[in-house]
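Enquirer: First the structure, which I've put down as structure tokens, then a few questions once you've had a look.
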Amino acid sequence: MLPLSIENKLKEIKKQCLVIDIECSAFYRGTNTEINIRTDYETYVENAKVKWFGAYSYKYDKTYILNVKNDADQIIKLLKEHTIIVGFNSEEFDFPIIKNNSYADLEAWYTHIDCMQILGTTTGRNRKGYTYKNRGALMDYKFKSNSLRCIAETMKLETKKGDLDYRIFQKDEWTEEETNQIREYLNSDVQSTKQMFDKLWIYWYPFAELVDEKYVYDLSWIKSSIASLTYKAACRVLGTEPTYSETSVSLAEEMGGRVIEPTVEEAIGVWHVDFASLYPHIESIFNLPAEISEDKITPDMKIFHKNNLFEAKGYYNITEQHPLSKYIVSKLKERIHLKNTDKNNPMIYTLKILLNGLYGIFRSPKFEKIHTPNIGWDTCFLGQQIHQLMEEMMKQFGFIQLAGDTDSGFFKAREEQFNNREYVTQCLKEIISIINENVPFPTETFQITIEHYLEYIMFPFSNEPVIDAETGENKKVNNRLIKERKAKKKNYLYIYKEDNKFIVKLVGLPIIKDNATELGIKIYNEVIEVEIIKKNNAKFPKTYIDTIINDYLKNPDTLKLLSQEYKVQAFNTYKKEGQIQAQISKAYLDGLGGTIRLIKNSKVGKVGKGSKYCTIEESLTNNLSVEDYDLEKVYNELEPFIIYEEPIPEVKTEEQPKKKRGPKAKTILT
């Protein structure tokens, strides 16, 4: 908990927050030609004229929707009375335009909380080229885009972003009906941004406990990257200022987690086991923050470099435990205690982010106060050795490892007598006991836990190019790729039982990716998952999948899921008449801007060259069939659930050498 004095000061700081949003338009100087913000962003911002200003003041607990023509003085007053600006893309759009329009003092200093840059995915970058901070993903949100609408909908905010024809802001006078539309639209944007900020404040508030007071008051716990915030927490432990090296990019290291590729496509009765916080434990039990160069080792120092069980690339002073190693252990213990006594405490997830984040900043030269040359390498290297030890000992105990990755493994008992929780638990305890006997600073928090006993597991296999071990290139025969069936890394599905209920868990599969089609998701949720649980198996004949898709496409409502939304500008704003957006504007929107949903297919449509794009109505009128629609992405998402059939061999001729095939995936059923 934060001291009461700091909590009270934070409450006062929050009253300095002003959530803002503006509506504007921009024309090239001396002309009636509107500036296209997509193609000429800088000029747009430079010339934009604010027409409406929306704000919410935490100081007054009040929302303001102001017409700048009548309320300019009130806008200036509001901006003077607050020192923290909260917005969505406000740092590079709203606020620069506000300053250009002379509503904010050019000399005044503001703290900026840009919700888009903080929550947005790393696919987005600001104008300086820095990626967005991806806090949304850490809050367990999966944004398909970084737009206000998408983020608001994904976060399930009380207020949704509205719709409005932006050409309305080209005017300077509005009817009463238009004014009401503008007020409603602007208010929804302000409220959405406020609710976003409120969620950010509540979710990340526990992180304020981990950094120095000055970083609490400047709101670093909300606006910094997680790496920077974790670094600040580590420097607080060391009693030093977080300074940054000019070497911002670390050299690529050929060292990562140990991956055991699946050898079977399906299995039943499998133990899924997992090391609890593997990397944080490695950093603490081997005292990795205390790396020392070999030439600085003195006779009175105790050094870990290698022993009978483990070896490292670097040298580590184990005369006493490093402050950061002690800190890691203390936070591991705190997290375990909270999980056992207060499972809904938000600090549990905060500590998980902190502990996992340390590995990234340890290995980056940018964070110079805690980085050492070999700490990143040895965290992974020792992790590989620990993972391999687990596999070897489990083999001695009567198990085979079907697959594994970094800190987890999937094991199947060779004989039924070994296939019970009590025995597996004892085996895992013996492995940990051996590890703790061979590390400098053992801790009772280091454990291997049983994640689940799996009723069934499926690893998707696919035909992948064979890599030449010597050249690293794809193997070929007569310029044709040689392929073999092998598992896809970090892709699997399993079924486990909890509270007498069967639960299906998917990891890495295309159907759960952010860009999965709505149709594929609907088919999986409504049909496939139900059948998987019913038959305890995730494989189906292709004809069965074909029939499901065909049945769904008979429903006009389902076609909406197959369609894609296109937001286009007016036809004359596009430089190339042939680009798809220009074609859509001309063919379907009378040359104007707007939004429309179209379906990609091979037969019908007013736009498209190789492929056609048509409306839902056009597809129904022309009786398009499954063969006509572009269903490649849907089938890619459902392919892991289709029973593999060997392709029919090609007719061999003298010019066509015998085609090489990789081994078929084995199946364990009992």
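A note on labels: chains of the structure tokens are A, B, ... as shown, every chain counts residues from 1, and ligands are counted from 1 in their shown order.
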With DSSP run on the backbone, what are the strand (DSSP E) residues within stretch 476-532 of chain A? I'd like them as number ranges by chain.
Expert: A: 476-477, 480-481, 483-487, 492-498, 501-507
Enquirer: Dump N, CA and C atoms for the selected residues as a compact mmCIF listing (two decimals), in the first residue's frame?
Expert:
# COMPACT_ATOMS: atom_id res chain seq x y z
N LYS A 476 16.12 -28.55 -51.90
CA LYS A 476 15.33 -28.63 -53.12
C LYS A 476 15.79 -29.79 -53.98
N VAL A 477 14.87 -30.30 -54.79
CA VAL A 477 15.19 -31.29 -55.82
C VAL A 477 14.58 -30.78 -57.11
N ARG A 480 12.49 -27.78 -56.75
CA ARG A 480 11.24 -27.90 -56.00
C ARG A 480 11.57 -28.15 -54.54
N LEU A 481 10.85 -27.47 -53.65
CA LEU A 481 11.10 -27.61 -52.22
C LEU A 481 10.81 -29.02 -51.74
N LYS A 483 9.60 -31.09 -48.64
CA LYS A 483 8.84 -30.79 -47.43
C LYS A 483 8.62 -32.06 -46.60
N GLU A 484 8.42 -31.85 -45.30
CA GLU A 484 8.07 -32.94 -44.41
C GLU A 484 7.00 -32.46 -43.44
N ARG A 485 6.23 -33.39 -42.95
CA ARG A 485 5.20 -33.02 -41.98
C ARG A 485 5.85 -32.90 -40.60
N LYS A 486 5.67 -31.72 -40.02
CA LYS A 486 6.22 -31.49 -38.69
C LYS A 486 5.30 -30.55 -37.93
N ALA A 487 5.50 -30.52 -36.63
CA ALA A 487 4.64 -29.70 -35.78
C ALA A 487 4.97 -28.23 -35.90
N TYR A 492 -0.92 -25.67 -29.95
CA TYR A 492 -1.54 -26.91 -29.47
C TYR A 492 -2.92 -26.64 -28.89
N LEU A 493 -3.67 -27.71 -28.75
CA LEU A 493 -4.99 -27.68 -28.13
C LEU A 493 -5.06 -28.82 -27.14
N TYR A 494 -5.62 -28.56 -25.95
CA TYR A 494 -5.80 -29.68 -25.02
C TYR A 494 -7.12 -29.57 -24.27
N ILE A 495 -7.52 -30.70 -23.73
CA ILE A 495 -8.76 -30.79 -22.94
C ILE A 495 -8.38 -31.23 -21.53
N TYR A 496 -8.90 -30.54 -20.54
CA TYR A 496 -8.71 -30.96 -19.16
C TYR A 496 -10.03 -30.84 -18.41
N LYS A 497 -10.08 -31.47 -17.27
CA LYS A 497 -11.32 -31.50 -16.49
C LYS A 497 -11.16 -30.64 -15.24
N GLU A 498 -12.13 -29.79 -14.99
CA GLU A 498 -12.11 -28.93 -13.81
C GLU A 498 -13.53 -28.79 -13.28
N LYS A 501 -16.17 -30.51 -15.21
CA LYS A 501 -16.50 -29.91 -16.50
C LYS A 501 -15.27 -29.97 -17.41
N PHE A 502 -15.49 -30.37 -18.66
CA PHE A 502 -14.39 -30.44 -19.62
C PHE A 502 -14.15 -29.06 -20.23
N ILE A 503 -12.87 -28.65 -20.26
CA ILE A 503 -12.50 -27.34 -20.76
C ILE A 503 -11.48 -27.51 -21.88
N VAL A 504 -11.68 -26.79 -22.97
CA VAL A 504 -10.76 -26.82 -24.10
C VAL A 504 -9.88 -25.57 -24.05
N LYS A 505 -8.58 -25.78 -24.13
CA LYS A 505 -7.61 -24.68 -24.11
C LYS A 505 -6.85 -24.67 -25.43
N LEU A 506 -6.77 -23.49 -26.07
CA LEU A 506 -6.04 -23.34 -27.32
C LEU A 506 -4.85 -22.43 -27.12
N VAL A 507 -3.72 -22.79 -27.69
CA VAL A 507 -2.51 -21.97 -27.60
C VAL A 507 -1.92 -21.81 -29.00
Enquirer: Write down as a PyMOL selection string the residues belonging to stretch 359-511 of chain A that are assigned helix (DSSP H, G or I) by DSSP computed on the backbone.
Expert: chain A and resi 359-362+375-396+416-418+421-436+510-511
Enquirer: Quick one: write out the picked residues with C-alpha atoms as a short mmCIF file (atom, residue, chain, number, x, y, z; two decimals), in the first residue's frame?
Expert:
data_model
loop_
_atom_site.label_atom_id
_atom_site.label_comp_id
_atom_site.auth_asym_id
_atom_site.auth_seq_id
_atom_site.Cartn_x
_atom_site.Cartn_y
_atom_site.Cartn_z
CA TYR A 359 14.80 -10.41 -17.85
CA GLY A 360 14.32 -8.00 -20.77
CA ILE A 361 16.04 -5.07 -19.08
CA PHE A 362 18.86 -7.23 -17.67
CA ILE A 375 23.22 -12.13 -17.69
CA GLY A 376 20.75 -12.49 -20.58
CA TRP A 377 22.64 -15.35 -22.18
CA ASP A 378 23.10 -17.24 -18.91
CA THR A 379 19.45 -16.85 -17.87
CA CYS A 380 18.50 -18.75 -21.02
CA PHE A 381 21.52 -21.11 -20.93
CA LEU A 382 20.85 -22.20 -17.35
CA GLY A 383 17.15 -22.44 -18.17
CA GLN A 384 17.97 -24.89 -20.96
CA GLN A 385 20.06 -26.99 -18.59
CA ILE A 386 17.31 -27.06 -15.96
CA HIS A 387 14.74 -27.99 -18.60
CA GLN A 388 16.97 -30.78 -19.91
CA LEU A 389 17.53 -32.07 -16.36
CA MET A 390 13.77 -32.29 -15.89
CA GLU A 391 13.41 -34.30 -19.11
CA GLU A 392 16.23 -36.71 -18.18
CA MET A 393 14.97 -37.31 -14.64
CA MET A 394 11.35 -37.75 -15.78
CA LYS A 395 12.61 -40.33 -18.26
CA GLN A 396 14.25 -42.21 -15.37
CA GLU A 416 -0.25 -47.00 -16.00
CA GLN A 417 1.29 -47.45 -12.53
CA PHE A 418 3.14 -44.14 -13.00
CA ARG A 421 -0.90 -37.26 -9.44
CA GLU A 422 0.83 -38.37 -6.23
CA TYR A 423 3.65 -40.07 -8.10
CA VAL A 424 4.12 -37.19 -10.58
CA THR A 425 4.19 -34.66 -7.72
CA GLN A 426 6.88 -36.66 -5.91
CA CYS A 427 8.97 -36.87 -9.09
CA LEU A 428 8.81 -33.10 -9.57
CA LYS A 429 9.83 -32.49 -5.94
CA GLU A 430 12.89 -34.71 -6.40
CA ILE A 431 13.93 -32.73 -9.49
CA ILE A 432 13.67 -29.44 -7.59
CA SER A 433 15.59 -30.95 -4.68
CA ILE A 434 18.49 -31.84 -6.99
CA ILE A 435 18.47 -28.33 -8.48
CA ASN A 436 18.48 -26.62 -5.08
CA PRO A 510 -4.74 -19.30 -36.02
CA ILE A 511 -8.36 -19.32 -34.80
#
Enquirer: What's the 10 Å shell around stretch 107-116 of chain A, counting only C-alpha atoms, without same-chain residues fewer than 3 positions away, as a PyMOL selection string?
Expert: chain A and resi 16-19+79-80+82-92+95+104+119-121+124+126+132-136+146-148+151+193-194+196-197+200+218-220+222-224
Enquirer: For A:Ile297, which residue out of A:Tyr60, A:Phe27, A:Trp221, A:Tyr316 is the nearest one, using only C-alpha atoms?
Expert: A:Tyr316
Enquirer: For A:Gln564, which residue out of A:Ile400, A:Cys24, A:Ile182, A:Leu598 is the nearest one, using only C-alpha atoms?
Expert: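 The answer is A:Leu598, which sits nearest to A:Gln564.
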Enquirer: Determine, counting only C-alpha atoms, which protein, DNA and RNA residues have an atom within 7 Å of an atom of stretch 629-643 of chain A; residues of the same chain fewer than 5 positions away are not included. Present the result as an MDAnalysis selection string.
Expert: chainID A and resid 460 510:511 517 520 538:542 600:602
Enquirer: With only C-alpha atoms as the counted atoms, please give the residues lying no more than 12 Å from A:Asn32, apart from itself and same-chain residues fewer than 5 positions off, as a list of chain:residue names.
Expert: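 Listing them by chain and then by number gives A:Ser25, A:Ala26, A:Phe27, A:Gln170, A:Lys171.
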Enquirer: So, counting only C-alpha atoms, which residue among A:Asp514, A:Gln569, A:Gln195, A:Gly508 is closest to A:Ile37?
Expert: A:Gln569
Enquirer: Write out as a ChimeraX atom specification each polymer residue whose atoms come within 6 Å of stretch 440-448 of chain A, counting only C-alpha atoms; drop sequence neighbours fewer than 5 positions from it.
Expert: /A:274-276,285-286,428
Enquirer: Contacts of A:Ile353 at 10 Å or less, counting only C-alpha atoms, minus same-chain residues fewer than 3 places along, as a list in words?
Expert: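 Listing them by chain and then by number gives Leu138, Phe207, Ile226, Ala227, Thr230, Met347, Ile348, Tyr349, Thr350, Asn356, Gly357 and Leu358 of chain A.
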Enquirer: Just give me the gap between atom CA of A:Phe399 and atom CA of A:Asp499 in Å, one decimal is fine.
Expert: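 One can read the atom CA of A:Phe399 to atom CA of A:Asp499 distance as 26.8 Å.
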Enquirer: Can you work out the spacing between atom CA of A:Ile523 and atom CA of A:Lys560 in Å, to one decimal?
Expert: 13.8 Å
